[in-house]
>>> print(open('data22.cif').read())   # mmCIF, C-alpha atoms
data_upload
loop_
_atom_site.label_atom_id
_atom_site.label_comp_id
_atom_site.auth_asym_id
_atom_site.auth_seq_id
_atom_site.Cartn_x
_atom_site.Cartn_y
_atom_site.Cartn_z
CA MET A 928 0.00 0.00 0.00
CA SER A 929 1.38 3.43 -0.93
CA ALA A 930 1.98 6.01 1.76
CA PRO A 931 -0.76 8.65 2.20
CA LEU A 932 -0.08 12.11 0.85
CA PRO A 933 0.41 14.92 3.35
CA ARG A 934 -1.85 17.92 3.13
CA GLU A 935 0.98 20.24 4.10
CA THR A 936 4.77 20.35 4.39
CA ARG A 937 6.42 22.65 6.92
CA SER A 938 9.90 23.43 8.14
CA PHE A 939 10.97 24.68 11.57
CA ASP A 940 14.13 26.70 12.16
CA THR A 941 15.83 23.91 14.10
CA ALA A 942 19.13 22.08 13.99
CA HIS A 943 18.06 18.43 14.00
CA ILE A 944 14.34 17.82 14.61
CA GLY A 945 11.62 19.23 12.39
CA ARG A 946 13.53 20.75 9.53
CA ARG A 947 10.99 18.77 7.48
CA VAL A 948 7.44 18.29 8.80
CA LEU A 949 4.66 16.39 7.04
CA VAL A 950 1.09 17.07 8.18
CA TYR A 951 -1.76 14.64 7.46
CA ASP A 952 -5.51 14.73 7.95
CA ALA A 953 -5.55 11.08 9.04
CA VAL A 954 -3.20 8.10 9.04
CA GLU A 955 -3.26 4.61 10.45
CA SER A 956 -0.46 5.49 12.88
CA THR A 957 2.23 8.16 12.72
CA ASN A 958 4.70 5.64 14.16
CA THR A 959 3.89 3.05 11.49
CA LEU A 960 4.20 5.66 8.76
CA GLY A 961 7.43 6.97 10.29
CA ALA A 962 9.00 3.50 10.29
CA ALA A 963 8.10 3.03 6.63
CA LEU A 964 9.42 6.43 5.57
CA GLY A 965 12.57 5.95 7.65
CA ALA A 966 13.29 2.64 5.96
CA SER A 967 12.81 4.05 2.46
CA ASP A 968 14.59 7.39 2.92
CA PRO A 969 18.18 7.42 4.26
CA ASP A 970 17.84 11.18 4.85
CA ALA A 971 14.69 10.93 6.96
CA SER A 972 16.40 11.46 10.34
CA GLY A 973 14.71 14.37 12.07
CA LEU A 974 11.54 14.06 9.97
CA VAL A 975 8.40 14.95 11.94
CA LEU A 976 4.98 13.52 11.11
CA ILE A 977 1.79 15.08 12.48
CA ALA A 978 -1.78 13.84 12.01
CA ASP A 979 -5.15 15.24 13.06
CA HIS A 980 -6.41 11.70 13.53
CA GLN A 981 -5.09 8.14 13.78
CA PHE A 982 -7.13 5.08 12.92
CA ALA A 983 -4.83 2.70 14.81
CA GLY A 984 -2.62 4.72 17.12
CA ARG A 985 -0.62 2.67 19.60
CA GLY A 986 0.57 3.08 23.15
CA GLN A 987 2.88 1.11 25.41
CA TYR A 988 2.27 -2.68 25.72
CA GLY A 989 0.03 -2.72 22.63
CA ARG A 990 -2.60 -0.39 24.05
CA THR A 991 -4.59 1.68 21.57
CA TRP A 992 -4.55 5.46 21.43
CA VAL A 993 -7.83 7.11 20.43
CA SER A 994 -8.60 10.83 20.35
CA ARG A 995 -11.16 13.11 18.77
CA PRO A 996 -9.78 14.47 15.48
CA GLY A 997 -7.84 17.66 16.14
CA SER A 998 -8.03 17.37 19.93
CA SER A 999 -4.47 16.09 20.45
CA LEU A 1000 -1.04 16.65 19.03
CA LEU A 1001 -0.33 13.29 17.39
CA MET A 1002 3.30 13.32 16.35
CA SER A 1003 6.18 11.00 15.50
CA VAL A 1004 9.85 11.82 14.96
CA VAL A 1005 12.00 9.61 12.72
CA LEU A 1006 15.60 9.20 13.86
CA ARG A 1007 18.77 7.34 13.00
CA PRO A 1008 20.39 7.83 16.39
CA PRO A 1009 24.05 7.05 17.02
CA PRO A 1010 24.70 3.95 19.17
CA ALA A 1011 25.45 5.99 22.31
CA ILE A 1012 21.88 7.32 22.56
CA ARG A 1013 19.70 4.75 20.83
CA ARG A 1014 18.74 2.88 24.02
CA PRO A 1015 14.96 3.08 24.56
CA VAL A 1016 15.39 4.46 28.10
CA VAL A 1017 17.49 7.35 26.79
CA LEU A 1018 15.12 8.15 23.92
CA THR A 1019 12.05 7.92 26.15
CA ALA A 1020 13.67 10.23 28.69
CA TRP A 1021 14.60 12.66 25.90
CA VAL A 1022 10.99 12.92 24.71
CA ALA A 1023 9.54 13.05 28.24
CA VAL A 1024 11.86 15.82 29.42
CA ALA A 1025 11.38 17.86 26.26
CA VAL A 1026 7.58 17.57 26.23
CA ALA A 1027 7.43 18.38 29.95
CA ASP A 1028 9.41 21.55 29.23
CA ALA A 1029 7.02 22.36 26.38
CA VAL A 1030 3.97 21.80 28.61
CA PHE A 1031 5.43 24.20 31.16
CA ALA A 1032 6.08 26.79 28.45
CA LEU A 1033 2.49 26.44 27.19
CA THR A 1034 0.63 26.27 30.51
CA GLY A 1035 2.96 27.11 33.40
CA ALA A 1036 2.17 23.68 34.88
CA GLN A 1037 4.84 21.19 35.93
CA ALA A 1038 4.41 17.70 34.48
CA ARG A 1039 5.71 14.62 36.25
CA ILE A 1040 7.01 11.50 34.49
CA LYS A 1041 5.20 8.30 35.37
CA TRP A 1042 7.50 5.39 34.60
CA PRO A 1043 8.20 4.63 31.88
CA ASN A 1044 6.50 6.81 29.31
CA ASP A 1045 3.60 8.94 30.55
CA LEU A 1046 3.43 12.58 31.60
CA LEU A 1047 1.03 13.51 34.40
CA ILE A 1048 -0.26 16.78 35.77
CA ASP A 1049 -1.89 16.53 39.20
CA GLY A 1050 -1.97 12.76 38.77
CA LYS A 1051 -3.76 12.87 35.41
CA LYS A 1052 -2.25 11.79 32.10
CA ILE A 1053 -1.61 14.53 29.59
CA CYS A 1054 0.84 12.79 27.25
CA GLY A 1055 1.86 9.28 26.26
CA ILE A 1056 5.13 8.33 24.57
CA LEU A 1057 6.07 5.30 22.50
CA ILE A 1058 9.57 4.53 21.20
CA GLU A 1059 9.85 1.86 18.49
CA GLN A 1060 13.01 0.72 16.73
CA THR A 1061 13.70 -1.38 13.66
CA SER A 1062 16.89 -2.43 11.92
CA SER A 1063 17.51 -1.66 8.29
CA GLY A 1064 20.39 -2.45 5.99
CA ASP A 1065 22.07 0.86 6.76
CA GLY A 1066 21.45 1.14 10.50
CA THR A 1067 18.81 1.43 13.20
CA ILE A 1068 15.65 3.45 12.67
CA ALA A 1069 14.00 4.81 15.80
CA VAL A 1070 10.54 6.36 15.78
CA ALA A 1071 9.52 8.45 18.78
CA GLY A 1072 5.77 8.85 18.96
CA LEU A 1073 3.79 11.07 21.31
CA GLY A 1074 0.19 11.99 21.90
CA LEU A 1075 -0.30 15.27 23.80
CA ASN A 1076 -3.86 16.17 24.82
CA LEU A 1077 -4.67 19.72 23.75
CA THR A 1078 -8.31 20.77 23.75
CA GLN A 1079 -10.36 18.13 25.58
CA THR A 1080 -12.49 19.35 28.48
CA ALA A 1081 -12.98 17.66 31.83
CA ALA A 1082 -16.58 16.93 30.80
CA GLU A 1083 -15.39 15.29 27.60
CA PHE A 1084 -12.99 13.04 29.50
CA ALA A 1085 -15.74 12.14 31.98
CA GLN A 1086 -18.13 11.23 29.17
CA ALA A 1087 -15.47 8.94 27.71
CA ASN A 1088 -14.82 7.45 31.16
CA LEU A 1089 -11.26 8.77 31.09
CA LEU A 1090 -11.27 10.18 34.60
CA THR A 1091 -7.47 10.07 34.90
CA ALA A 1092 -6.78 12.11 31.75
CA THR A 1093 -6.31 15.83 31.27
CA SER A 1094 -5.34 18.31 28.54
CA LEU A 1095 -3.58 21.62 28.13
CA HIS A 1096 -6.97 23.33 28.01
CA ALA A 1097 -8.27 21.55 31.11
CA VAL A 1098 -5.11 22.49 33.00
CA SER A 1099 -4.89 26.14 32.03
CA GLY A 1100 -8.20 27.16 30.46
CA GLY A 1101 -6.30 28.42 27.41
CA SER A 1102 -6.92 27.75 23.74
CA TYR A 1103 -4.51 25.52 21.85
CA ASP A 1104 -4.11 24.14 18.36
CA SER A 1105 -1.76 21.50 17.02
CA ARG A 1106 0.20 23.92 14.85
CA SER A 1107 1.30 26.25 17.65
CA ALA A 1108 1.75 23.39 20.14
CA ALA A 1109 3.89 21.49 17.63
CA GLU A 1110 6.24 24.44 17.24
CA VAL A 1111 6.89 24.56 21.00
CA VAL A 1112 7.21 20.77 21.32
CA VAL A 1113 9.53 20.41 18.32
CA GLY A 1114 11.70 23.24 19.59
CA ALA A 1115 12.10 21.51 22.96
CA LEU A 1116 12.80 18.15 21.31
CA ASP A 1117 15.45 19.73 19.12
CA ARG A 1118 17.23 21.42 22.04
CA GLU A 1119 17.34 18.25 24.14
CA TYR A 1120 18.41 16.08 21.19
CA ALA A 1121 21.26 18.48 20.48
CA ARG A 1122 22.43 17.97 24.07
CA LEU A 1123 22.44 14.20 23.61
CA LEU A 1124 24.35 14.42 20.35
CA ALA A 1125 26.90 16.68 22.03
CA GLY A 1126 27.51 14.05 24.72
CA GLU A 1127 25.63 15.99 27.41
CA ARG A 1128 23.65 12.96 28.53
CA THR A 1129 23.78 13.96 32.19
CA GLY A 1130 21.65 17.04 31.56
CA VAL A 1131 18.80 15.02 30.06
CA GLU A 1132 19.29 12.37 32.73
CA ALA A 1133 18.99 14.97 35.51
CA GLY A 1134 15.73 16.32 34.09
CA TRP A 1135 14.36 12.78 33.81
CA LYS A 1136 15.32 11.93 37.37
CA ARG A 1137 13.86 15.18 38.75
CA ARG A 1138 10.54 14.79 36.95
CA ILE A 1139 10.13 11.18 38.09
CA GLY A 1140 10.50 12.58 41.59
CA LEU A 1141 10.92 9.38 43.61
CA LEU A 1142 14.48 9.67 44.91
CA GLY A 1143 14.76 8.77 48.58
CA ARG A 1144 11.28 7.24 48.67
CA ALA A 1145 10.13 3.70 49.22
CA VAL A 1146 9.10 2.28 45.86
CA ARG A 1147 7.65 -0.86 44.36
CA VAL A 1148 9.25 -2.12 41.15
CA GLU A 1149 7.65 -4.48 38.67
CA LEU A 1150 10.27 -6.18 36.54
CA VAL A 1151 9.83 -7.40 32.98
CA GLY A 1152 8.21 -10.79 33.42
CA GLY A 1153 6.05 -9.70 36.36
CA ALA A 1154 8.32 -10.15 39.41
CA LEU A 1155 7.90 -7.50 42.10
CA THR A 1156 10.49 -6.00 44.41
CA THR A 1157 10.49 -3.11 46.87
CA GLY A 1158 13.09 -0.84 48.40
CA ARG A 1159 14.19 2.73 48.88
CA LEU A 1160 15.26 4.43 45.66
CA LEU A 1161 18.70 5.80 46.51
CA ASP A 1162 19.58 7.02 43.04
CA MET A 1163 18.76 6.45 39.41
CA SER A 1164 20.48 6.95 36.10
CA PHE A 1165 20.37 5.50 32.62
CA ASP A 1166 22.82 2.89 33.93
CA GLY A 1167 20.58 1.62 36.73
CA LEU A 1168 18.17 2.17 39.61
CA GLU A 1169 19.80 1.80 43.04
CA LEU A 1170 17.38 0.10 45.44
CA GLU A 1171 18.12 -0.40 49.14
CA ASP A 1172 16.21 -3.20 50.85
CA ALA A 1173 15.19 -3.39 54.54
CA ALA A 1174 18.51 -5.03 55.45
CA GLY A 1175 20.53 -2.22 53.85
CA PHE A 1176 21.59 -4.25 50.81
CA VAL A 1177 21.79 -2.13 47.65
CA ARG A 1178 20.73 -3.66 44.34
CA VAL A 1179 21.21 -2.01 40.95
CA VAL A 1180 18.39 -2.70 38.50
CA PRO A 1181 18.90 -1.90 34.78
CA PRO A 1182 16.18 0.49 33.52
CA GLU A 1183 15.31 -1.81 30.61
CA SER A 1184 14.29 -4.52 33.07
CA VAL A 1185 11.74 -2.28 34.85
CA SER A 1186 8.16 -2.33 33.58
CA HIS A 1187 6.60 -0.15 36.29
CA LEU A 1188 7.79 1.97 39.18
CA TRP A 1189 5.44 3.26 41.90
CA PRO A 1190 5.80 4.98 45.26
CA VAL A 1191 4.78 2.72 48.14
#
>>> encode(input="data22.cif", output="C-alpha cells")
Amino acid sequence: MSAPLPRETRSFDTAHIGRRVLVYDAVESTNTLGAALGASDPDASGLVLIADHQFAGRGQYGRTWVSRPGSSLLMSVVLRPPPAIRRPVVLTAWVAVAVADAVFALTGAQARIKWPNDLLIDGKKICGILIEQTSSGDGTIAVAGLGLNLTQTAAEFAQANLLTATSLHAVSGGSYDSRSAAEVVVGALDREYARLLAGERTGVEAGWKRRIGLLGRAVRVELVGGALTTGRLLDMSFDGLELEDAAGFVRVVPPESVSHLWPV
C-alpha cells in the first residue's frame, strides 16, 4: 500500500528535529508511517509527522490510542540515532523531558514523568510516549511517537470514562491548536536532542530523574516478566536504579528490566 499524501509540508528553524514536517488529515499510525518512511529514505532522520487523527494509534504494551480528530497533538519523529543514545530508556527520557518543558512553556504547569512513558499533571495523564526501533540495511531506525492532549475538556474526559486524563486546556483554560503546540514541542525536542548528540547525557538524565521525583522514597518495582520488588530508591540513572532493601543491601536494576515503578 502506498503512503498517504500529506496535506501540508512545513519546516521549523531547528538544527536536527523538524527541519521537514509532514502534516496529514488522518493516518493509520504516525509511528507506522514513520518507520516506513525511515526505511525508504536514508535522509529521513529528524523528519516529523503530524496527524489530526489516527485510525490505529498505539501506546505502550500494545494499548490503543484514540482521540477526537484535532483534539491532540499526534506526532512522530523519525531518527537514526548514534549507538550511544539509541537505548529506549534514553530516547524515552529525551521525549519526556522535552515535552514536559514544552507543557510548562504552554501552561505554566509542571508535568511529572510516570514510569516509563507517561506525563502527568496533578496525577492525570496529559501525554503518552512510544519509542519503536527497527533495523535496516544501513542502521537502526527509531521512531519516537507522542500523543499530547490539547483541547479536551474535563466533561469530555468524563463522558469517555477517562477520569485520569487531562489536557492543556483543562489544566490552564487556554486555547490551543496542534500547529502552535507542535512548534513549542519540536523546539524543545530539538534542544534536548542536540544535548544528547553533544555528549551531554547527564543534563537530560537529571531532568528525567527530577521529573520522576521518587528519589529517597520507598518504591515498588515491577520487573519485565512480572516479578515484584520493593526498596528505597537511593539514586537512578540510565545505567541503573539503586534500590536499598530493609537489610541495607543495595541492588542495581537496569532500567530496561523495569516495567513499572510506583511509590509505596
>>> closest_atom_pairs(input="data22.cif", of="stretch 1091-1121 of chain A", to="stretch 946-967 of chain A", cutoff="10 Å", atoms="all atoms listed in the file", output="tab-separated table")
residue	atom	partner	partner_atom	distance
A:Arg1106	CA	A:Val950	CA	9.6
A:Val1113	CA	A:Arg946	CA	9.7
A:Asp1117	CA	A:Arg946	CA	9.8
>>> atom_distance(input="data22.cif", atom1="atom CA of A:Gly973", atom2="atom CA of A:Ala1025")
15.0 Å
>>> resolve_selection(input="data22.cif", expression="the PyMOL selection byres ((chain A and resi 1042) around 6)", output="PDB file with C-alpha atoms, in the coordinates of the input")
ATOM      1  CA  LYS A1041       5.200   8.300  35.370  1.00  0.00           C
ATOM      2  CA  PRO A1043       8.200   4.630  31.880  1.00  0.00           C
ATOM      3  CA  ASN A1044       6.500   6.810  29.310  1.00  0.00           C
ATOM      4  CA  HIS A1187       6.600  -0.150  36.290  1.00  0.00           C
ATOM      5  CA  LEU A1188       7.790   1.970  39.180  1.00  0.00           C
TER       6      LEU A1188
END
>>> residues_around(input="data22.cif", residues="stretch 1027-1036 of chain A", least_positions_apart="2", cutoff="7 Å", atoms="all atoms listed in the file", output="list in words")
Ala1023, Val1024, Ala1025, Ala1038, Leu1095, Ser1099, Val1111, Val1112 and Ala1115 of chain A
>>> atom_distance(input="data22.cif", atom1="atom CA of A:Phe1176", atom2="atom CA of A:Trp1189")
19.9 Å
>>> decode(input="data22.cif", residues="stretch 986-1099 of chain A", atoms="C-alpha atoms", output="PDB file, in the first residue's frame")
ATOM      1  CA  GLY A 986       0.573   3.084  23.152  1.00  0.00           C
ATOM      2  CA  GLN A 987       2.876   1.108  25.410  1.00  0.00           C
ATOM      3  CA  TYR A 988       2.272  -2.677  25.715  1.00  0.00           C
ATOM      4  CA  GLY A 989       0.035  -2.718  22.629  1.00  0.00           C
ATOM      5  CA  ARG A 990      -2.601  -0.393  24.046  1.00  0.00           C
ATOM      6  CA  THR A 991      -4.586   1.685  21.574  1.00  0.00           C
ATOM      7  CA  TRP A 992      -4.547   5.464  21.430  1.00  0.00           C
ATOM      8  CA  VAL A 993      -7.830   7.112  20.433  1.00  0.00           C
ATOM      9  CA  SER A 994      -8.604  10.828  20.355  1.00  0.00           C
ATOM     10  CA  ARG A 995     -11.160  13.112  18.774  1.00  0.00           C
ATOM     11  CA  PRO A 996      -9.778  14.474  15.478  1.00  0.00           C
ATOM     12  CA  GLY A 997      -7.841  17.657  16.136  1.00  0.00           C
ATOM     13  CA  SER A 998      -8.025  17.372  19.933  1.00  0.00           C
ATOM     14  CA  SER A 999      -4.474  16.093  20.453  1.00  0.00           C
ATOM     15  CA  LEU A1000      -1.043  16.654  19.028  1.00  0.00           C
ATOM     16  CA  LEU A1001      -0.331  13.288  17.394  1.00  0.00           C
ATOM     17  CA  MET A1002       3.302  13.317  16.353  1.00  0.00           C
ATOM     18  CA  SER A1003       6.179  11.000  15.499  1.00  0.00           C
ATOM     19  CA  VAL A1004       9.848  11.818  14.962  1.00  0.00           C
ATOM     20  CA  VAL A1005      11.995   9.610  12.720  1.00  0.00           C
ATOM     21  CA  LEU A1006      15.601   9.205  13.856  1.00  0.00           C
ATOM     22  CA  ARG A1007      18.767   7.339  13.005  1.00  0.00           C
ATOM     23  CA  PRO A1008      20.390   7.830  16.390  1.00  0.00           C
ATOM     24  CA  PRO A1009      24.049   7.046  17.022  1.00  0.00           C
ATOM     25  CA  PRO A1010      24.703   3.948  19.175  1.00  0.00           C
ATOM     26  CA  ALA A1011      25.447   5.991  22.307  1.00  0.00           C
ATOM     27  CA  ILE A1012      21.882   7.316  22.561  1.00  0.00           C
ATOM     28  CA  ARG A1013      19.701   4.749  20.832  1.00  0.00           C
ATOM     29  CA  ARG A1014      18.740   2.885  24.017  1.00  0.00           C
ATOM     30  CA  PRO A1015      14.963   3.083  24.558  1.00  0.00           C
ATOM     31  CA  VAL A1016      15.392   4.456  28.099  1.00  0.00           C
ATOM     32  CA  VAL A1017      17.488   7.353  26.786  1.00  0.00           C
ATOM     33  CA  LEU A1018      15.123   8.154  23.917  1.00  0.00           C
ATOM     34  CA  THR A1019      12.049   7.915  26.146  1.00  0.00           C
ATOM     35  CA  ALA A1020      13.673  10.228  28.689  1.00  0.00           C
ATOM     36  CA  TRP A1021      14.599  12.659  25.899  1.00  0.00           C
ATOM     37  CA  VAL A1022      10.989  12.920  24.715  1.00  0.00           C
ATOM     38  CA  ALA A1023       9.544  13.049  28.243  1.00  0.00           C
ATOM     39  CA  VAL A1024      11.859  15.819  29.424  1.00  0.00           C
ATOM     40  CA  ALA A1025      11.385  17.858  26.256  1.00  0.00           C
ATOM     41  CA  VAL A1026       7.583  17.573  26.231  1.00  0.00           C
ATOM     42  CA  ALA A1027       7.427  18.382  29.954  1.00  0.00           C
ATOM     43  CA  ASP A1028       9.413  21.550  29.234  1.00  0.00           C
ATOM     44  CA  ALA A1029       7.018  22.356  26.383  1.00  0.00           C
ATOM     45  CA  VAL A1030       3.974  21.802  28.610  1.00  0.00           C
ATOM     46  CA  PHE A1031       5.434  24.203  31.164  1.00  0.00           C
ATOM     47  CA  ALA A1032       6.076  26.787  28.448  1.00  0.00           C
ATOM     48  CA  LEU A1033       2.492  26.437  27.188  1.00  0.00           C
ATOM     49  CA  THR A1034       0.629  26.268  30.509  1.00  0.00           C
ATOM     50  CA  GLY A1035       2.961  27.107  33.401  1.00  0.00           C
ATOM     51  CA  ALA A1036       2.170  23.682  34.883  1.00  0.00           C
ATOM     52  CA  GLN A1037       4.839  21.192  35.928  1.00  0.00           C
ATOM     53  CA  ALA A1038       4.413  17.705  34.481  1.00  0.00           C
ATOM     54  CA  ARG A1039       5.713  14.615  36.251  1.00  0.00           C
ATOM     55  CA  ILE A1040       7.008  11.504  34.492  1.00  0.00           C
ATOM     56  CA  LYS A1041       5.201   8.298  35.373  1.00  0.00           C
ATOM     57  CA  TRP A1042       7.498   5.389  34.595  1.00  0.00           C
ATOM     58  CA  PRO A1043       8.204   4.633  31.884  1.00  0.00           C
ATOM     59  CA  ASN A1044       6.495   6.805  29.314  1.00  0.00           C
ATOM     60  CA  ASP A1045       3.597   8.945  30.545  1.00  0.00           C
ATOM     61  CA  LEU A1046       3.433  12.580  31.600  1.00  0.00           C
ATOM     62  CA  LEU A1047       1.031  13.508  34.402  1.00  0.00           C
ATOM     63  CA  ILE A1048      -0.256  16.784  35.774  1.00  0.00           C
ATOM     64  CA  ASP A1049      -1.886  16.534  39.202  1.00  0.00           C
ATOM     65  CA  GLY A1050      -1.969  12.763  38.770  1.00  0.00           C
ATOM     66  CA  LYS A1051      -3.759  12.874  35.411  1.00  0.00           C
ATOM     67  CA  LYS A1052      -2.248  11.788  32.100  1.00  0.00           C
ATOM     68  CA  ILE A1053      -1.612  14.529  29.587  1.00  0.00           C
ATOM     69  CA  CYS A1054       0.836  12.785  27.251  1.00  0.00           C
ATOM     70  CA  GLY A1055       1.861   9.277  26.262  1.00  0.00           C
ATOM     71  CA  ILE A1056       5.130   8.335  24.573  1.00  0.00           C
ATOM     72  CA  LEU A1057       6.072   5.295  22.497  1.00  0.00           C
ATOM     73  CA  ILE A1058       9.567   4.525  21.201  1.00  0.00           C
ATOM     74  CA  GLU A1059       9.853   1.860  18.495  1.00  0.00           C
ATOM     75  CA  GLN A1060      13.011   0.717  16.728  1.00  0.00           C
ATOM     76  CA  THR A1061      13.699  -1.381  13.658  1.00  0.00           C
ATOM     77  CA  SER A1062      16.890  -2.435  11.922  1.00  0.00           C
ATOM     78  CA  SER A1063      17.513  -1.657   8.289  1.00  0.00           C
ATOM     79  CA  GLY A1064      20.389  -2.451   5.991  1.00  0.00           C
ATOM     80  CA  ASP A1065      22.073   0.862   6.764  1.00  0.00           C
ATOM     81  CA  GLY A1066      21.449   1.139  10.500  1.00  0.00           C
ATOM     82  CA  THR A1067      18.806   1.433  13.203  1.00  0.00           C
ATOM     83  CA  ILE A1068      15.650   3.453  12.671  1.00  0.00           C
ATOM     84  CA  ALA A1069      13.999   4.808  15.799  1.00  0.00           C
ATOM     85  CA  VAL A1070      10.544   6.361  15.775  1.00  0.00           C
ATOM     86  CA  ALA A1071       9.525   8.448  18.777  1.00  0.00           C
ATOM     87  CA  GLY A1072       5.768   8.853  18.964  1.00  0.00           C
ATOM     88  CA  LEU A1073       3.787  11.069  21.306  1.00  0.00           C
ATOM     89  CA  GLY A1074       0.186  11.995  21.901  1.00  0.00           C
ATOM     90  CA  LEU A1075      -0.296  15.268  23.798  1.00  0.00           C
ATOM     91  CA  ASN A1076      -3.856  16.168  24.822  1.00  0.00           C
ATOM     92  CA  LEU A1077      -4.671  19.723  23.745  1.00  0.00           C
ATOM     93  CA  THR A1078      -8.312  20.766  23.754  1.00  0.00           C
ATOM     94  CA  GLN A1079     -10.365  18.129  25.575  1.00  0.00           C
ATOM     95  CA  THR A1080     -12.489  19.349  28.484  1.00  0.00           C
ATOM     96  CA  ALA A1081     -12.980  17.662  31.828  1.00  0.00           C
ATOM     97  CA  ALA A1082     -16.578  16.928  30.805  1.00  0.00           C
ATOM     98  CA  GLU A1083     -15.390  15.285  27.599  1.00  0.00           C
ATOM     99  CA  PHE A1084     -12.988  13.037  29.501  1.00  0.00           C
ATOM    100  CA  ALA A1085     -15.735  12.143  31.981  1.00  0.00           C
ATOM    101  CA  GLN A1086     -18.131  11.231  29.172  1.00  0.00           C
ATOM    102  CA  ALA A1087     -15.469   8.944  27.709  1.00  0.00           C
ATOM    103  CA  ASN A1088     -14.818   7.447  31.157  1.00  0.00           C
ATOM    104  CA  LEU A1089     -11.263   8.766  31.092  1.00  0.00           C
ATOM    105  CA  LEU A1090     -11.266  10.181  34.597  1.00  0.00           C
ATOM    106  CA  THR A1091      -7.473  10.068  34.903  1.00  0.00           C
ATOM    107  CA  ALA A1092      -6.777  12.107  31.753  1.00  0.00           C
ATOM    108  CA  THR A1093      -6.310  15.831  31.269  1.00  0.00           C
ATOM    109  CA  SER A1094      -5.343  18.309  28.541  1.00  0.00           C
ATOM    110  CA  LEU A1095      -3.578  21.622  28.129  1.00  0.00           C
ATOM    111  CA  HIS A1096      -6.969  23.328  28.011  1.00  0.00           C
ATOM    112  CA  ALA A1097      -8.269  21.545  31.108  1.00  0.00           C
ATOM    113  CA  VAL A1098      -5.107  22.490  33.002  1.00  0.00           C
ATOM    114  CA  SER A1099      -4.889  26.142  32.029  1.00  0.00           C
TER     115      SER A1099
END
